[in-house]
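For reference, final.tsv is printed below; it contains TSV, C-alpha atoms and all ligand atoms.
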```
chain	number	residue	atom	x	y	z
A	1	MET	CA	-8.20	36.64	-7.88
A	2	THR	CA	-9.28	40.09	-6.64
A	3	ARG	CA	-11.83	41.60	-8.95
A	4	THR	CA	-10.83	44.73	-10.82
A	5	VAL	CA	-13.62	47.29	-11.17
A	6	TYR	CA	-13.94	50.60	-12.97
A	7	VAL	CA	-14.85	53.82	-11.22
A	8	ASN	CA	-14.71	57.31	-12.74
A	9	GLY	CA	-11.80	56.64	-15.08
A	10	ASP	CA	-9.77	54.25	-12.91
A	11	TYR	CA	-9.38	50.47	-12.90
A	12	LEU	CA	-9.02	49.47	-9.24
A	13	PRO	CA	-9.16	46.43	-6.96
A	14	GLU	CA	-12.79	46.28	-5.76
A	15	ASP	CA	-11.90	47.08	-2.13
A	16	GLN	CA	-10.25	50.34	-3.20
A	17	ALA	CA	-13.11	51.66	-5.35
A	18	LYS	CA	-15.06	54.41	-3.59
A	19	VAL	CA	-18.12	56.58	-4.22
A	20	SER	CA	-19.25	59.56	-2.12
A	21	ILE	CA	-21.96	59.15	0.54
A	22	PHE	CA	-23.53	62.24	-1.12
A	23	ASP	CA	-23.88	60.45	-4.43
A	24	ARG	CA	-27.44	60.92	-5.67
A	25	GLY	CA	-27.55	57.30	-6.75
A	26	PHE	CA	-27.21	56.39	-3.05
A	27	LEU	CA	-29.51	59.13	-1.68
A	28	PHE	CA	-32.24	59.33	-4.37
A	29	ALA	CA	-31.80	56.26	-6.63
A	30	ASP	CA	-30.93	58.98	-9.16
A	31	GLY	CA	-29.08	56.65	-11.48
A	32	VAL	CA	-29.45	54.25	-14.37
A	33	TYR	CA	-27.84	50.92	-15.19
A	34	GLU	CA	-27.27	48.25	-17.81
A	35	VAL	CA	-26.29	44.59	-17.62
A	36	THR	CA	-24.53	43.06	-20.62
A	37	SER	CA	-23.71	39.38	-20.83
A	38	VAL	CA	-20.40	37.91	-21.92
A	39	LEU	CA	-20.14	34.62	-23.83
A	40	ASP	CA	-16.82	33.25	-25.11
A	41	GLY	CA	-15.20	36.40	-23.69
A	42	LYS	CA	-17.31	38.62	-25.97
A	43	LEU	CA	-20.12	41.09	-25.37
A	44	ILE	CA	-23.68	40.16	-26.33
A	45	ASP	CA	-25.68	42.96	-28.00
A	46	PHE	CA	-23.42	45.74	-26.70
A	47	ALA	CA	-24.89	48.23	-29.20
A	48	GLY	CA	-28.43	47.58	-27.92
A	49	HIS	CA	-27.41	48.20	-24.31
A	50	ALA	CA	-25.44	51.35	-25.20
A	51	LYS	CA	-28.46	52.73	-27.06
A	52	ARG	CA	-30.89	52.04	-24.21
A	53	LEU	CA	-28.41	53.56	-21.72
A	54	GLN	CA	-28.40	56.79	-23.71
A	55	ARG	CA	-32.19	56.79	-23.81
A	56	SER	CA	-32.44	56.31	-20.02
A	57	LEU	CA	-29.95	59.15	-19.47
A	58	ASP	CA	-31.81	61.44	-21.88
A	59	GLU	CA	-35.15	60.77	-20.18
A	60	LEU	CA	-33.61	61.91	-16.86
A	61	GLN	CA	-31.58	64.79	-18.36
A	62	MET	CA	-28.45	63.16	-17.02
A	63	ALA	CA	-25.08	63.64	-18.68
A	64	ASN	CA	-23.24	60.68	-20.21
A	65	PRO	CA	-19.59	60.82	-19.07
A	66	VAL	CA	-18.38	58.46	-21.83
A	67	THR	CA	-18.77	57.98	-25.57
A	68	GLU	CA	-20.04	54.65	-26.91
A	69	GLU	CA	-16.49	53.78	-28.09
A	70	GLU	CA	-15.06	54.53	-24.64
A	71	LEU	CA	-17.79	52.45	-23.04
A	72	LEU	CA	-17.00	49.50	-25.31
A	73	ALA	CA	-13.29	49.82	-24.51
A	74	ILE	CA	-14.02	49.83	-20.75
A	75	HIS	CA	-16.23	46.74	-21.06
A	76	ARG	CA	-13.54	44.91	-23.02
A	77	GLU	CA	-10.78	45.92	-20.62
A	78	LEU	CA	-12.79	44.62	-17.64
A	79	VAL	CA	-13.40	41.32	-19.46
A	80	ARG	CA	-9.64	41.06	-20.07
A	81	LEU	CA	-8.50	42.12	-16.59
A	82	ASN	CA	-10.94	39.76	-14.87
A	83	ASP	CA	-10.50	36.95	-17.38
A	84	ILE	CA	-14.25	36.59	-17.97
A	85	ASP	CA	-15.28	33.79	-20.33
A	86	GLU	CA	-18.98	33.69	-19.37
A	87	GLY	CA	-20.58	36.25	-17.11
A	88	LEU	CA	-22.07	39.69	-16.78
A	89	ILE	CA	-20.90	43.29	-16.85
A	90	TYR	CA	-22.84	45.69	-14.67
A	91	LEU	CA	-22.72	49.40	-15.50
A	92	GLN	CA	-24.19	52.22	-13.44
A	93	ILE	CA	-24.23	55.94	-14.07
A	94	THR	CA	-25.63	58.34	-11.47
A	95	ARG	CA	-26.13	62.08	-11.49
A	96	GLY	CA	-23.15	62.28	-9.11
A	97	ALA	CA	-22.50	63.79	-5.68
A	98	ALA	CA	-24.14	67.00	-4.46
A	99	ASP	CA	-25.42	68.37	-1.16
A	100	ARG	CA	-28.76	66.68	-0.49
A	101	ASP	CA	-31.59	68.50	-2.25
A	102	PHE	CA	-34.55	67.24	-4.28
A	103	VAL	CA	-33.73	69.77	-6.99
A	104	PHE	CA	-31.19	68.42	-9.50
A	105	PRO	CA	-27.77	70.02	-8.91
A	106	LYS	CA	-26.42	72.42	-11.53
A	107	ASP	CA	-23.65	70.91	-13.71
A	108	PRO	CA	-23.07	67.78	-11.59
A	109	VAL	CA	-20.23	65.40	-12.42
A	110	PRO	CA	-21.79	61.99	-13.12
A	111	THR	CA	-20.49	58.90	-11.34
A	112	ILE	CA	-19.75	55.89	-13.54
A	113	VAL	CA	-19.07	52.44	-12.14
A	114	LEU	CA	-18.64	49.09	-13.88
A	115	PHE	CA	-17.91	45.65	-12.48
A	116	THR	CA	-17.90	42.08	-13.72
A	117	GLN	CA	-19.59	38.94	-12.41
A	118	SER	CA	-18.05	35.69	-13.58
A	119	LYS	CA	-20.79	33.10	-14.29
A	120	PRO	CA	-19.34	29.93	-15.76
A	121	GLY	CA	-22.16	27.88	-17.30
A	122	LEU	CA	-24.34	30.93	-18.05
A	123	ALA	CA	-25.35	29.58	-21.47
A	124	GLU	CA	-25.63	25.94	-20.38
A	125	ASN	CA	-27.88	26.87	-17.45
A	126	PRO	CA	-29.63	23.62	-16.32
A	127	THR	CA	-32.81	25.60	-15.55
A	128	ALA	CA	-33.39	25.83	-19.32
A	129	LYS	CA	-34.25	22.10	-19.16
A	130	THR	CA	-36.54	22.28	-16.12
A	131	GLY	CA	-38.09	25.75	-16.25
A	132	LEU	CA	-39.03	28.37	-13.67
A	133	LYS	CA	-41.97	28.54	-11.31
A	134	VAL	CA	-43.52	31.98	-10.96
A	135	ILE	CA	-46.17	33.59	-8.81
A	136	SER	CA	-48.28	36.62	-9.71
A	137	ILE	CA	-48.02	39.78	-7.63
A	138	GLU	CA	-49.48	43.25	-7.97
A	139	ASP	CA	-47.25	45.66	-9.89
A	140	LEU	CA	-46.56	48.40	-7.36
A	141	ARG	CA	-43.67	50.11	-9.19
A	142	TRP	CA	-43.58	53.71	-10.38
A	143	GLY	CA	-44.95	54.70	-13.79
A	144	ARG	CA	-41.74	55.11	-15.79
A	145	ARG	CA	-40.58	51.51	-15.98
A	146	ASP	CA	-39.19	52.18	-19.46
A	147	ILE	CA	-36.30	54.05	-17.81
A	148	LYS	CA	-33.77	51.58	-16.45
A	149	THR	CA	-33.24	53.20	-13.06
A	150	VAL	CA	-31.56	51.65	-10.03
A	151	GLN	CA	-34.81	51.82	-8.00
A	152	LEU	CA	-35.03	48.04	-7.69
A	153	LEU	CA	-36.58	47.68	-4.24
A	154	TYR	CA	-40.00	46.45	-5.36
A	155	PRO	CA	-38.55	43.92	-7.84
A	156	SER	CA	-36.29	42.76	-5.01
A	157	MET	CA	-39.32	42.39	-2.70
A	158	GLY	CA	-41.11	40.51	-5.48
A	159	LYS	CA	-38.26	38.01	-5.69
A	160	MET	CA	-38.49	37.52	-1.92
A	161	MET	CA	-42.27	36.97	-2.14
A	162	ALA	CA	-41.61	34.35	-4.82
A	163	LYS	CA	-38.99	32.62	-2.68
A	164	ALA	CA	-41.31	32.63	0.34
A	165	ALA	CA	-43.96	30.93	-1.85
A	166	GLY	CA	-41.47	28.27	-3.00
A	167	ALA	CA	-41.23	29.78	-6.51
A	168	ASP	CA	-38.36	31.26	-8.52
A	169	ASP	CA	-39.73	34.60	-9.63
A	170	ALA	CA	-42.80	36.80	-9.81
A	171	TRP	CA	-44.77	38.19	-12.75
A	172	MET	CA	-46.28	41.55	-11.99
A	173	VAL	CA	-49.91	42.30	-12.76
A	174	GLU	CA	-51.62	45.65	-13.32
A	175	ASP	CA	-55.31	46.08	-14.17
A	176	GLY	CA	-55.62	42.32	-14.60
A	177	HIS	CA	-52.79	42.09	-17.13
A	178	VAL	CA	-49.19	40.96	-16.82
A	179	THR	CA	-46.62	43.72	-17.21
A	180	GLU	CA	-43.32	41.81	-16.83
A	181	GLY	CA	-41.20	39.71	-14.49
A	182	THR	CA	-39.20	41.27	-11.64
A	183	SER	CA	-36.10	41.45	-13.85
A	184	ASN	CA	-37.24	40.12	-17.22
A	185	ASN	CA	-39.89	40.40	-19.92
A	186	ALA	CA	-42.79	37.90	-19.88
A	187	TYR	CA	-44.29	35.86	-22.75
A	188	ILE	CA	-46.92	33.22	-23.38
A	189	VAL	CA	-47.18	30.91	-26.38
A	190	LYS	CA	-50.43	29.58	-27.85
A	191	GLY	CA	-49.95	27.41	-30.93
A	192	ASN	CA	-47.61	29.30	-33.26
A	193	THR	CA	-48.35	32.67	-31.62
A	194	ILE	CA	-46.14	34.43	-29.10
A	195	VAL	CA	-47.79	37.08	-26.94
A	196	THR	CA	-45.87	39.68	-24.94
A	197	ARG	CA	-46.75	43.07	-23.47
A	198	ASN	CA	-46.48	45.95	-25.95
A	199	LEU	CA	-43.83	48.61	-25.35
A	200	GLY	CA	-44.83	51.67	-23.36
A	201	THR	CA	-44.01	53.26	-20.02
A	202	GLU	CA	-45.38	50.17	-18.19
A	203	ILE	CA	-42.41	47.91	-18.95
A	204	LEU	CA	-38.69	47.99	-19.60
A	205	HIS	CA	-37.88	47.82	-23.30
A	206	GLY	CA	-35.83	44.64	-23.06
A	207	ILE	CA	-32.82	44.38	-25.34
A	208	THR	CA	-33.23	40.60	-25.36
A	209	ARG	CA	-36.96	41.07	-26.11
A	210	ALA	CA	-36.18	43.07	-29.26
A	211	ALA	CA	-33.77	40.42	-30.57
A	212	VAL	CA	-36.02	37.45	-29.68
A	213	LEU	CA	-39.08	38.99	-31.35
A	214	ARG	CA	-37.00	39.66	-34.47
A	215	PHE	CA	-35.80	36.03	-34.56
A	216	ALA	CA	-39.35	34.75	-33.90
A	217	ARG	CA	-40.73	36.70	-36.86
A	218	GLU	CA	-37.87	35.54	-39.07
A	219	ALA	CA	-38.76	31.96	-38.09
A	220	GLN	CA	-42.37	32.57	-39.31
A	221	MET	CA	-43.84	32.62	-35.81
A	222	VAL	CA	-46.71	35.04	-35.17
A	223	VAL	CA	-45.94	37.77	-32.63
A	224	GLU	CA	-48.67	39.69	-30.82
A	225	GLU	CA	-47.48	42.65	-28.76
A	226	ARG	CA	-50.38	43.32	-26.37
A	227	PRO	CA	-51.33	42.96	-22.70
A	228	PHE	CA	-52.33	39.42	-21.64
A	229	SER	CA	-54.25	38.22	-18.58
A	230	LEU	CA	-53.51	35.59	-15.94
A	231	ASP	CA	-56.35	33.50	-17.44
A	232	GLU	CA	-54.43	33.51	-20.73
A	233	VAL	CA	-51.31	32.35	-18.88
A	234	GLN	CA	-53.26	29.42	-17.40
A	235	ALA	CA	-54.61	28.52	-20.87
A	236	ALA	CA	-51.25	28.91	-22.65
A	237	ASP	CA	-49.24	26.06	-24.20
A	238	GLU	CA	-45.94	27.54	-23.02
A	239	ALA	CA	-44.53	30.53	-21.20
A	240	PHE	CA	-41.06	32.05	-20.97
A	241	ILE	CA	-39.05	35.07	-19.93
A	242	THR	CA	-36.18	36.94	-21.57
A	243	SER	CA	-33.34	39.00	-20.12
A	244	ALA	CA	-29.70	39.70	-20.85
A	245	SER	CA	-28.63	37.24	-18.14
A	246	ALA	CA	-31.26	34.49	-18.55
A	247	PHE	CA	-31.51	34.78	-22.38
A	248	VAL	CA	-34.72	32.81	-23.10
A	249	MET	CA	-35.89	30.78	-20.10
A	250	PRO	CA	-38.99	28.56	-19.85
A	251	VAL	CA	-41.67	29.17	-17.22
A	252	VAL	CA	-43.57	25.99	-16.34
A	253	GLU	CA	-45.80	26.96	-13.44
A	254	MET	CA	-47.88	30.00	-12.41
A	255	ASP	CA	-49.35	30.30	-8.89
A	256	GLY	CA	-48.92	26.56	-8.31
A	257	ALA	CA	-50.67	25.43	-11.52
A	258	PRO	CA	-48.76	23.92	-14.48
A	259	ILE	CA	-48.60	25.91	-17.72
A	260	GLY	CA	-49.31	23.66	-20.74
A	261	SER	CA	-47.73	20.26	-20.08
A	262	GLY	CA	-45.87	21.67	-17.07
A	263	ALA	CA	-42.54	21.10	-18.86
A	264	PRO	CA	-40.45	23.49	-20.99
A	265	GLY	CA	-42.02	23.91	-24.43
A	266	LYS	CA	-40.67	23.42	-27.95
A	267	VAL	CA	-41.15	27.02	-29.12
A	268	THR	CA	-39.25	28.29	-26.07
A	269	ALA	CA	-36.41	25.80	-26.60
A	270	ARG	CA	-36.14	26.76	-30.27
A	271	LEU	CA	-36.07	30.49	-29.52
A	272	ARG	CA	-33.39	29.97	-26.88
A	273	GLU	CA	-31.26	28.03	-29.35
A	274	ILE	CA	-31.69	30.59	-32.15
A	275	TYR	CA	-31.00	33.48	-29.76
A	276	LEU	CA	-27.80	31.97	-28.38
A	277	ASP	CA	-26.52	30.92	-31.83
A	278	GLU	CA	-27.21	34.26	-33.50
A	279	MET	CA	-26.02	36.42	-30.63
A	280	ARG	CA	-22.77	34.48	-30.23
A	281	LYS	CA	-22.11	35.08	-33.93
A	282	ALA	CA	-22.75	38.81	-33.57
A	283	ALA	CA	-20.85	39.24	-30.25
A	284	VAL	CA	-18.10	41.88	-30.09
B	1	LIG	N1	-37.75	43.99	-17.41
B	1	LIG	C1	-37.15	44.34	-16.27
B	1	LIG	C2	-37.97	44.95	-15.18
B	1	LIG	C3	-35.77	44.13	-16.10
B	1	LIG	O1	-35.16	44.49	-14.96
B	1	LIG	C4	-35.03	43.50	-17.14
B	1	LIG	C5	-33.57	43.23	-17.02
B	1	LIG	N2	-32.81	44.27	-16.54
B	1	LIG	C6	-35.71	43.15	-18.32
B	1	LIG	C7	-37.08	43.41	-18.41
B	1	LIG	C8	-35.00	42.50	-19.47
B	1	LIG	O2	-34.24	43.43	-20.18
B	1	LIG	P1	-32.95	42.98	-20.99
B	1	LIG	O3	-33.41	41.94	-21.96
B	1	LIG	O4	-32.52	44.22	-21.66
B	1	LIG	O5	-31.99	42.44	-19.99
```
Let me see whether you can do it: turn the structure in this file into structure tokens.
Amino acid sequence: MTRTVYVNGDYLPEDQAKVSIFDRGFLFADGVYEVTSVLDGKLIDFAGHAKRLQRSLDELQMANPVTEEELLAIHRELVRLNDIDEGLIYLQITRGAADRDFVFPKDPVPTIVLFTQSKPGLAENPTAKTGLKVISIEDLRWGRRDIKTVQLLYPSMGKMMAKAAGADDAWMVEDGHVTEGTSNNAYIVKGNTIVTRNLGTEILHGITRAAVLRFAREAQMVVEERPFSLDEVQAADEAFITSASAFVMPVVEMDGAPIGSGAPGKVTARLREIYLDEMRKAAV
């Protein structure tokens, strides 16, 4: 089946969808994005993603070409047209096309693109039973990581460094403390306490993070939002990541050394189960 994508108001076969070579997303990475997961043909935490999208746009003084209701309708139509049961919806908005100039163009027309990725087995991912191996790398990204821009070159390089080291992903470290994973938020567990980096400009404000921390507190776990060091990772009982596509995923090794028992932990497994149960119930 040819994938149907959305571009600037039209639903088109993917090979007919076009964007200008002068688009500032292409020339300057002047664009923002969101990834929303689909389970049972429904959107997980759509409202959270729509809210963060608006925040990213506002931070960059970029116009939003669609209302939240229109955005929801487009997401649902793409799920229907592409018959997505489990998968992802990628959304990107850029400042649009203009003659190349560092100065923002006056009254540009934003570009909006959405496409689906079918991922059967997204929720029943076997990696949840085995866990991820990560390496630590220096965090060399820019200083506004709270804005979800399409400048993903360093995270992409980080993933390649991880692969070259025989690992699955990289956790980025700044001033001796973990910021986040290349495309996810990072956590350690010690006893009944979950530690994750506090919100600020140093990390992306994960939509999955917000939900998982809420569920953790409701389950009487202790949550500490603060920077943590690599030594704390090595001394932790468990570690995990969260993202819209991985949900809650155990991390069992850092820089070649096992974390805790070296197997996925109980707290992580419980949070994954609660997250998937609750978010399926609330899906739209
Ligand atoms: N941090 C970074 C750097 C990310 O790229 C992502 C996923 N896009 C996340 C955290 C997780 O955010 P979310 O839970 O909203 O997917």
Compile the contact shell of range 229-231 of chain A as a PyMOL selection string: residues with an atom at most 7 Å away, counting all atoms listed in the file, same-chain residues fewer than 5 positions apart removed.
chain A and resi 176-178
Shell of 8 Å around ligand LIG 1 (chain B) (only C-alpha atoms and all ligand atoms), written as JSON, numbers by chain | {"A": [34, 35, 36, 49, 145, 148, 155, 180, 181, 182, 183, 184, 185, 203, 204, 205, 206, 207, 208, 209, 210, 242, 243, 244, 245, 247]}
Using only C-alpha atoms, the residue out of A:Glu278, A:Asp101, A:Asp83, A:Glu253 with shortest distance to Gln234 in chain A is A:Glu253
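CA of Leu276 in chain A sits 15.0 Å away from CA of Lys129 in chain A.
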Next item on the list: Give me, please, the distance in Å between CA of Gln117 in chain A and CA of Thr2 in chain A, quoted to one decimal.
Entry: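 Interatomic distance here is 11.9 Å.
Nearest residue to Ser56 in chain A among A:Gly131, A:Ala186, A:Asp107, A:Thr201 is A:Thr201, counting only C-alpha atoms.
When all atoms listed in the file are used to measure the gap to Leu114 in chain A, the shortest distance among A:Ala219, A:Val38, A:Val134, A:Val5 belongs to A:Val5.
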Between CA of Val267 in chain A and CA of Ser156 in chain A lies a distance of 29.2 Å
Hey, could you pull the box centre and edge lengths for range 117-136 of chain A, axis-aligned, 4 Å padding per side, all listed atoms, to one decimal in Å, as JSON?
```
{"center_x": -33.2, "center_y": 30.5, "center_z": -15.1, "size_x": 38.2, "size_y": 24.8, "size_z": 20.7}
```
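Compared by their closest atoms to Ala257 in chain A, and using all atoms listed in the file, the residues A:Phe240, A:Ala167, A:Met279, A:Pro126 rank with A:Ala167 nearest.
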Among A:Leu53, A:Ala165, A:Ala282, A:Leu39, Val66 in chain A is approached most closely, using only C-alpha atoms, by A:Leu53
